[in-house]
Amino acid sequence: MTEKTTGASYAAAGVDIEAGDRAVELMKEWVKKTQRPEVLGGLGGFAGLFDASALKRYERPLLASATDGVGTKVDIARQMGVYDTIGHDLVAMVMDDIVVCGAEPLFMTDYICVGKVHPERVAAIVKGIAEGCVLAGCALVGGETAEHPGLLGPDDFDVAGAGTGVVEYDRLLGADRIRTGDAVIAMASSGLHSNGYSLVRHVLFERAKMSLESHVEELGRTLGEELLEPTKIYSLDCMALTRTAEVHAYSHITGGGLAANLARVIPDHLHATVDRSTWTPGAIFDLVGKAGQVEQLELEKTLNMGVGMMAVVPAESVDVALTALADRGVDAWVAGEILDRGDHTEGATLTGSYAS
């Protein structure tokens, strides 16, 4: 008698289609909360649809796009079993890049790659993304969940996203608007945000031998809670500021630190100076520096040091700008000014010492 053999299958290879379908069902309610009137169709189509006729009110609309991920911060979420906050990080990384040029965030899509689909886990990630989209004022029009058994462990995952915004051509912000005498306004970060985690993890876990469960008195909570603090989303705050006061440029402080990111929007003939004495970085920055004996300049070119977004405005607009940000609950202050380039070889530098 011939022995019956069992053929190969997708499930046997490690891909669970039914779990994927279950994840889609669980995430639908959260995606629905992000809908804008321009969005057509629902979740589950091959492409997200956005009614471009809404752009007819623009004389010369420019579409702005950006893409990013959350980096190794996802491993902190995995270790803690907390999945509904990194979506905020993802939206912030994408949409706060888009708003820098003055663009209104319109919509974004996400990509979630997992070793094994755990429907509730995927839904929690999408919940965070959807909540972030609401805070940014954009729609989540679709995405992709990919299961990669054999390449990723059953609990491993990564997230990425892409977004689109729109800005009127003659309202485009950037270096060509900046003038000598402009003020540099800093907006406080909520913590580390989503950059520099490779350094942070190396210092705190490998060198200092700390654990996520360690209660850190200076932080007032566990290390894990601090490291998972969601990235602040500035999109709607920046849009409101642009409507209220004259703004020449924004700079999103991400990888590369404060000076390098600010320099990206400074024209070649000008220079931005930022005075460290105008603020005190949060305790987490001091902890990383001391635990790893990291030099200040190394910290500053890796971490945001307590500033997540900067605005360059005319000196006469400072009071209006600060009032507008305060009304929205944004901690902001004048941190520097724009000068002629002179002998400076870099577009922006930090001066002085941090306030204690």
# chains A, B, ... in the order shown; residues from 1 in each chain; ligands from 1
>>> closest_atom_pairs(of="stretch 111-218 of chain A", to="stretch 324-339 of chain A", cutoff="6 Å", atoms="only C-alpha atoms", output="tab-separated table")
residue	atom	partner	partner_atom	distance
A:Thr180	CA	A:Leu339	CA	5.1
A:Gly181	CA	A:Ile338	CA	5.3
A:Asp182	CA	A:Ile338	CA	5.2
A:Ala183	CA	A:Glu337	CA	4.4
A:Val184	CA	A:Gly336	CA	4.8
A:Ile185	CA	A:Val334	CA	4.5
A:Ala186	CA	A:Ala332	CA	5.4
A:Met187	CA	A:Ala332	CA	4.4
A:Ala188	CA	A:Asp331	CA	5.5
>>> residues_around(residues="A:Ala249", least_positions_apart="5", cutoff="10 Å", atoms="only C-alpha atoms", output="number ranges by chain")
A: 100-102, 172-178, 184, 242, 262, 265-266, 310-313
>>> write_last_selection(atoms="N, CA, C and O atoms", output="compact mmCIF listing (two decimals), in the first residue's frame")
# COMPACT_ATOMS: atom_id res chain seq x y z
N VAL A 100 7.40 70.52 7.84
CA VAL A 100 8.54 71.44 7.86
C VAL A 100 8.49 72.43 6.70
O VAL A 100 8.85 73.60 6.84
N CYS A 101 8.04 71.99 5.54
CA CYS A 101 7.99 72.88 4.38
C CYS A 101 6.70 73.70 4.33
O CYS A 101 6.47 74.44 3.38
N GLY A 102 5.88 73.57 5.37
CA GLY A 102 4.61 74.30 5.41
C GLY A 102 3.44 73.51 4.88
O GLY A 102 2.33 74.04 4.76
N LEU A 172 5.46 78.07 0.37
CA LEU A 172 6.48 77.08 0.71
C LEU A 172 7.50 77.70 1.66
O LEU A 172 8.04 78.78 1.41
N LEU A 173 7.78 77.00 2.77
CA LEU A 173 8.74 77.48 3.75
C LEU A 173 10.11 76.89 3.48
O LEU A 173 10.24 75.81 2.92
N GLY A 174 11.16 77.61 3.90
CA GLY A 174 12.49 77.08 3.71
C GLY A 174 13.57 78.13 3.75
O GLY A 174 13.33 79.30 4.11
N ALA A 175 14.77 77.73 3.36
CA ALA A 175 15.95 78.57 3.51
C ALA A 175 15.86 79.91 2.80
O ALA A 175 16.39 80.91 3.29
N ASP A 176 15.17 79.96 1.65
CA ASP A 176 15.15 81.22 0.90
C ASP A 176 14.35 82.32 1.59
O ASP A 176 14.43 83.49 1.21
N ARG A 177 13.59 81.98 2.63
CA ARG A 177 12.82 82.98 3.36
C ARG A 177 13.59 83.57 4.55
O ARG A 177 13.23 84.62 5.08
N ILE A 178 14.62 82.86 5.01
CA ILE A 178 15.32 83.25 6.24
C ILE A 178 16.17 84.50 6.01
O ILE A 178 16.82 84.65 4.97
N VAL A 184 15.25 82.13 16.37
CA VAL A 184 15.08 80.68 16.34
C VAL A 184 14.30 80.27 17.59
O VAL A 184 14.76 80.49 18.71
N THR A 242 1.78 78.70 11.66
CA THR A 242 1.94 79.31 10.35
C THR A 242 0.74 80.19 10.00
O THR A 242 0.89 81.22 9.33
N LEU A 262 19.06 71.78 12.04
CA LEU A 262 18.77 73.20 11.83
C LEU A 262 19.56 73.73 10.64
O LEU A 262 19.04 74.52 9.84
N VAL A 265 18.17 73.93 6.93
CA VAL A 265 17.26 74.95 6.42
C VAL A 265 17.89 76.35 6.44
O VAL A 265 17.21 77.34 6.20
N ILE A 266 19.19 76.43 6.72
CA ILE A 266 19.88 77.72 6.77
C ILE A 266 20.60 77.97 5.43
O ILE A 266 21.37 77.11 4.99
N MET A 310 12.05 73.15 15.63
CA MET A 310 12.46 74.55 15.72
C MET A 310 11.78 75.35 14.63
O MET A 310 11.51 74.83 13.53
N ALA A 311 11.47 76.59 14.94
CA ALA A 311 10.87 77.50 13.97
C ALA A 311 11.74 78.73 13.84
O ALA A 311 12.24 79.25 14.84
N VAL A 312 11.93 79.19 12.62
CA VAL A 312 12.66 80.43 12.37
C VAL A 312 11.64 81.48 11.97
O VAL A 312 10.92 81.31 10.97
N VAL A 313 11.55 82.55 12.76
CA VAL A 313 10.54 83.58 12.54
C VAL A 313 11.19 84.96 12.59
O VAL A 313 12.26 85.13 13.19
>>> residues_around(residues="A:Ile98", least_positions_apart="5", cutoff="9 Å", atoms="only C-alpha atoms", output="PDB file with all heavy atoms, in the first residue's frame")
ATOM      1  N   ALA A  64       4.001  67.135  -1.028  1.00  0.00           N
ATOM      2  CA  ALA A  64       5.187  66.822  -0.227  1.00  0.00           C
ATOM      3  C   ALA A  64       5.076  65.385   0.249  1.00  0.00           C
ATOM      4  O   ALA A  64       4.001  64.958   0.681  1.00  0.00           O
ATOM      5  CB  ALA A  64       5.285  67.769   0.971  1.00  0.00           C
ATOM      6  N   SER A  65       6.153  64.630   0.174  1.00  0.00           N
ATOM      7  CA  SER A  65       6.108  63.228   0.613  1.00  0.00           C
ATOM      8  C   SER A  65       7.306  62.914   1.495  1.00  0.00           C
ATOM      9  O   SER A  65       8.359  63.547   1.394  1.00  0.00           O
ATOM     10  CB  SER A  65       6.079  62.276  -0.587  1.00  0.00           C
ATOM     11  OG  SER A  65       7.296  62.353  -1.309  1.00  0.00           O
ATOM     12  N   ALA A  66       7.138  61.956   2.358  1.00  0.00           N
ATOM     13  CA  ALA A  66       8.217  61.522   3.249  1.00  0.00           C
ATOM     14  C   ALA A  66       7.972  60.082   3.658  1.00  0.00           C
ATOM     15  O   ALA A  66       6.828  59.599   3.643  1.00  0.00           O
ATOM     16  CB  ALA A  66       8.289  62.417   4.490  1.00  0.00           C
ATOM     17  N   ALA A 103       3.664  72.237   4.559  1.00  0.00           N
ATOM     18  CA  ALA A 103       2.613  71.416   3.965  1.00  0.00           C
ATOM     19  C   ALA A 103       1.611  70.913   4.993  1.00  0.00           C
ATOM     20  O   ALA A 103       1.973  70.615   6.138  1.00  0.00           O
ATOM     21  CB  ALA A 103       3.222  70.226   3.222  1.00  0.00           C
ATOM     22  N   GLU A 104       0.371  70.808   4.577  1.00  0.00           N
ATOM     23  CA  GLU A 104      -0.684  70.208   5.392  1.00  0.00           C
ATOM     24  C   GLU A 104      -0.644  68.694   5.203  1.00  0.00           C
ATOM     25  O   GLU A 104      -0.728  68.212   4.068  1.00  0.00           O
ATOM     26  CB  GLU A 104      -2.051  70.728   4.961  1.00  0.00           C
ATOM     27  CG  GLU A 104      -3.214  70.018   5.654  1.00  0.00           C
ATOM     28  CD  GLU A 104      -4.564  70.310   5.031  1.00  0.00           C
ATOM     29  OE1 GLU A 104      -4.625  71.113   4.078  1.00  0.00           O
ATOM     30  OE2 GLU A 104      -5.564  69.711   5.490  1.00  0.00           O
ATOM     31  N   PRO A 105      -0.505  67.910   6.275  1.00  0.00           N
ATOM     32  CA  PRO A 105      -0.546  66.457   6.133  1.00  0.00           C
ATOM     33  C   PRO A 105      -1.906  66.003   5.590  1.00  0.00           C
ATOM     34  O   PRO A 105      -2.947  66.456   6.068  1.00  0.00           O
ATOM     35  CB  PRO A 105      -0.332  65.959   7.565  1.00  0.00           C
ATOM     36  CG  PRO A 105       0.372  67.083   8.258  1.00  0.00           C
ATOM     37  CD  PRO A 105      -0.229  68.331   7.657  1.00  0.00           C
ATOM     38  N   GLY A 163       4.053  59.167   3.885  1.00  0.00           N
ATOM     39  CA  GLY A 163       2.970  60.140   3.973  1.00  0.00           C
ATOM     40  C   GLY A 163       3.035  61.161   2.861  1.00  0.00           C
ATOM     41  O   GLY A 163       4.067  61.348   2.208  1.00  0.00           O
ATOM     42  N   THR A 164       1.911  61.835   2.660  1.00  0.00           N
ATOM     43  CA  THR A 164       1.792  62.871   1.632  1.00  0.00           C
ATOM     44  C   THR A 164       1.094  64.087   2.217  1.00  0.00           C
ATOM     45  O   THR A 164       0.134  63.956   2.982  1.00  0.00           O
ATOM     46  CB  THR A 164       0.991  62.355   0.421  1.00  0.00           C
ATOM     47  OG1 THR A 164       1.669  61.229  -0.145  1.00  0.00           O
ATOM     48  CG2 THR A 164       0.838  63.436  -0.647  1.00  0.00           C
ATOM     49  N   GLY A 165       1.582  65.256   1.845  1.00  0.00           N
ATOM     50  CA  GLY A 165       0.956  66.512   2.249  1.00  0.00           C
ATOM     51  C   GLY A 165       0.899  67.453   1.068  1.00  0.00           C
ATOM     52  O   GLY A 165       1.374  67.135  -0.026  1.00  0.00           O
ATOM     53  N   VAL A 166       0.332  68.643   1.278  1.00  0.00           N
ATOM     54  CA  VAL A 166       0.216  69.614   0.187  1.00  0.00           C
ATOM     55  C   VAL A 166       0.463  71.017   0.721  1.00  0.00           C
ATOM     56  O   VAL A 166       0.086  71.349   1.846  1.00  0.00           O
ATOM     57  CB  VAL A 166      -1.178  69.533  -0.478  1.00  0.00           C
ATOM     58  CG1 VAL A 166      -2.293  69.863   0.520  1.00  0.00           C
ATOM     59  CG2 VAL A 166      -1.257  70.450  -1.698  1.00  0.00           C
ATOM     60  N   SER A 235       2.690  68.465  14.034  1.00  0.00           N
ATOM     61  CA  SER A 235       2.093  68.871  12.758  1.00  0.00           C
ATOM     62  C   SER A 235       1.023  69.939  12.906  1.00  0.00           C
ATOM     63  O   SER A 235       1.097  71.005  12.276  1.00  0.00           O
ATOM     64  CB  SER A 235       1.509  67.642  12.043  1.00  0.00           C
ATOM     65  OG  SER A 235       2.497  66.666  11.844  1.00  0.00           O
TER      66      SER A 235
END
>>> select_by_dssp(residues="stretch 36-285 of chain A", states="strand (DSSP E or B)", output="PyMOL selection string")
chain A and resi 39-40+49-50+61-69+104-114+139-147+149+152+157-168+183-188+215-216+221-222+249-252+270-275
>>> select_by_dssp(residues="stretch 208-245 of chain A", states="alpha helix (DSSP H)", output="mmCIF file with N, CA and C atoms, in the first residue's frame")
data_model
loop_
_atom_site.group_PDB
_atom_site.id
_atom_site.type_symbol
_atom_site.label_atom_id
_atom_site.label_comp_id
_atom_site.auth_asym_id
_atom_site.auth_seq_id
_atom_site.Cartn_x
_atom_site.Cartn_y
_atom_site.Cartn_z
ATOM 1 N N LEU A 223 12.846 52.751 33.564
ATOM 2 C CA LEU A 223 13.596 53.067 32.355
ATOM 3 C C LEU A 223 12.775 52.717 31.115
ATOM 4 N N GLY A 224 12.096 51.582 31.164
ATOM 5 C CA GLY A 224 11.276 51.174 30.023
ATOM 6 C C GLY A 224 10.188 52.178 29.699
ATOM 7 N N GLU A 225 9.532 52.693 30.725
ATOM 8 C CA GLU A 225 8.478 53.689 30.503
ATOM 9 C C GLU A 225 9.048 54.950 29.864
ATOM 10 N N GLU A 226 10.236 55.341 30.300
ATOM 11 C CA GLU A 226 10.876 56.529 29.724
ATOM 12 C C GLU A 226 11.239 56.296 28.258
ATOM 13 N N LEU A 227 11.813 55.153 27.973
ATOM 14 C CA LEU A 227 12.267 54.881 26.613
ATOM 15 C C LEU A 227 11.117 54.700 25.632
ATOM 16 N N SER A 235 2.690 68.465 14.034
ATOM 17 C CA SER A 235 2.093 68.871 12.758
ATOM 18 C C SER A 235 1.023 69.939 12.906
ATOM 19 N N LEU A 236 0.011 69.682 13.721
ATOM 20 C CA LEU A 236 -1.080 70.643 13.863
ATOM 21 C C LEU A 236 -0.616 71.912 14.563
ATOM 22 N N ASP A 237 0.343 71.795 15.478
ATOM 23 C CA ASP A 237 0.889 72.979 16.145
ATOM 24 C C ASP A 237 1.610 73.871 15.142
ATOM 25 N N CYS A 238 2.391 73.270 14.264
ATOM 26 C CA CYS A 238 3.113 74.045 13.254
ATOM 27 C C CYS A 238 2.156 74.684 12.258
ATOM 28 N N MET A 239 1.134 73.953 11.857
ATOM 29 C CA MET A 239 0.165 74.518 10.930
ATOM 30 C C MET A 239 -0.567 75.698 11.558
ATOM 31 N N ALA A 240 -0.919 75.553 12.841
ATOM 32 C CA ALA A 240 -1.604 76.653 13.538
ATOM 33 C C ALA A 240 -0.679 77.853 13.667
ATOM 34 N N LEU A 241 0.590 77.602 13.948
ATOM 35 C CA LEU A 241 1.555 78.692 14.080
ATOM 36 C C LEU A 241 1.717 79.430 12.756
ATOM 37 N N THR A 242 1.778 78.697 11.660
ATOM 38 C CA THR A 242 1.935 79.306 10.348
ATOM 39 C C THR A 242 0.736 80.186 9.998
ATOM 40 N N ARG A 243 -0.445 79.786 10.449
ATOM 41 C CA ARG A 243 -1.643 80.605 10.189
ATOM 42 C C ARG A 243 -1.669 81.859 11.058
ATOM 43 N N THR A 244 -1.018 81.798 12.216
ATOM 44 C CA THR A 244 -1.106 82.876 13.201
ATOM 45 C C THR A 244 0.016 83.897 13.075
#
>>> closest_residue(among="A:Arg207, A:His248, A:His118, A:Lys73", to="A:Lys290", atoms="only C-alpha atoms")
A:Arg207
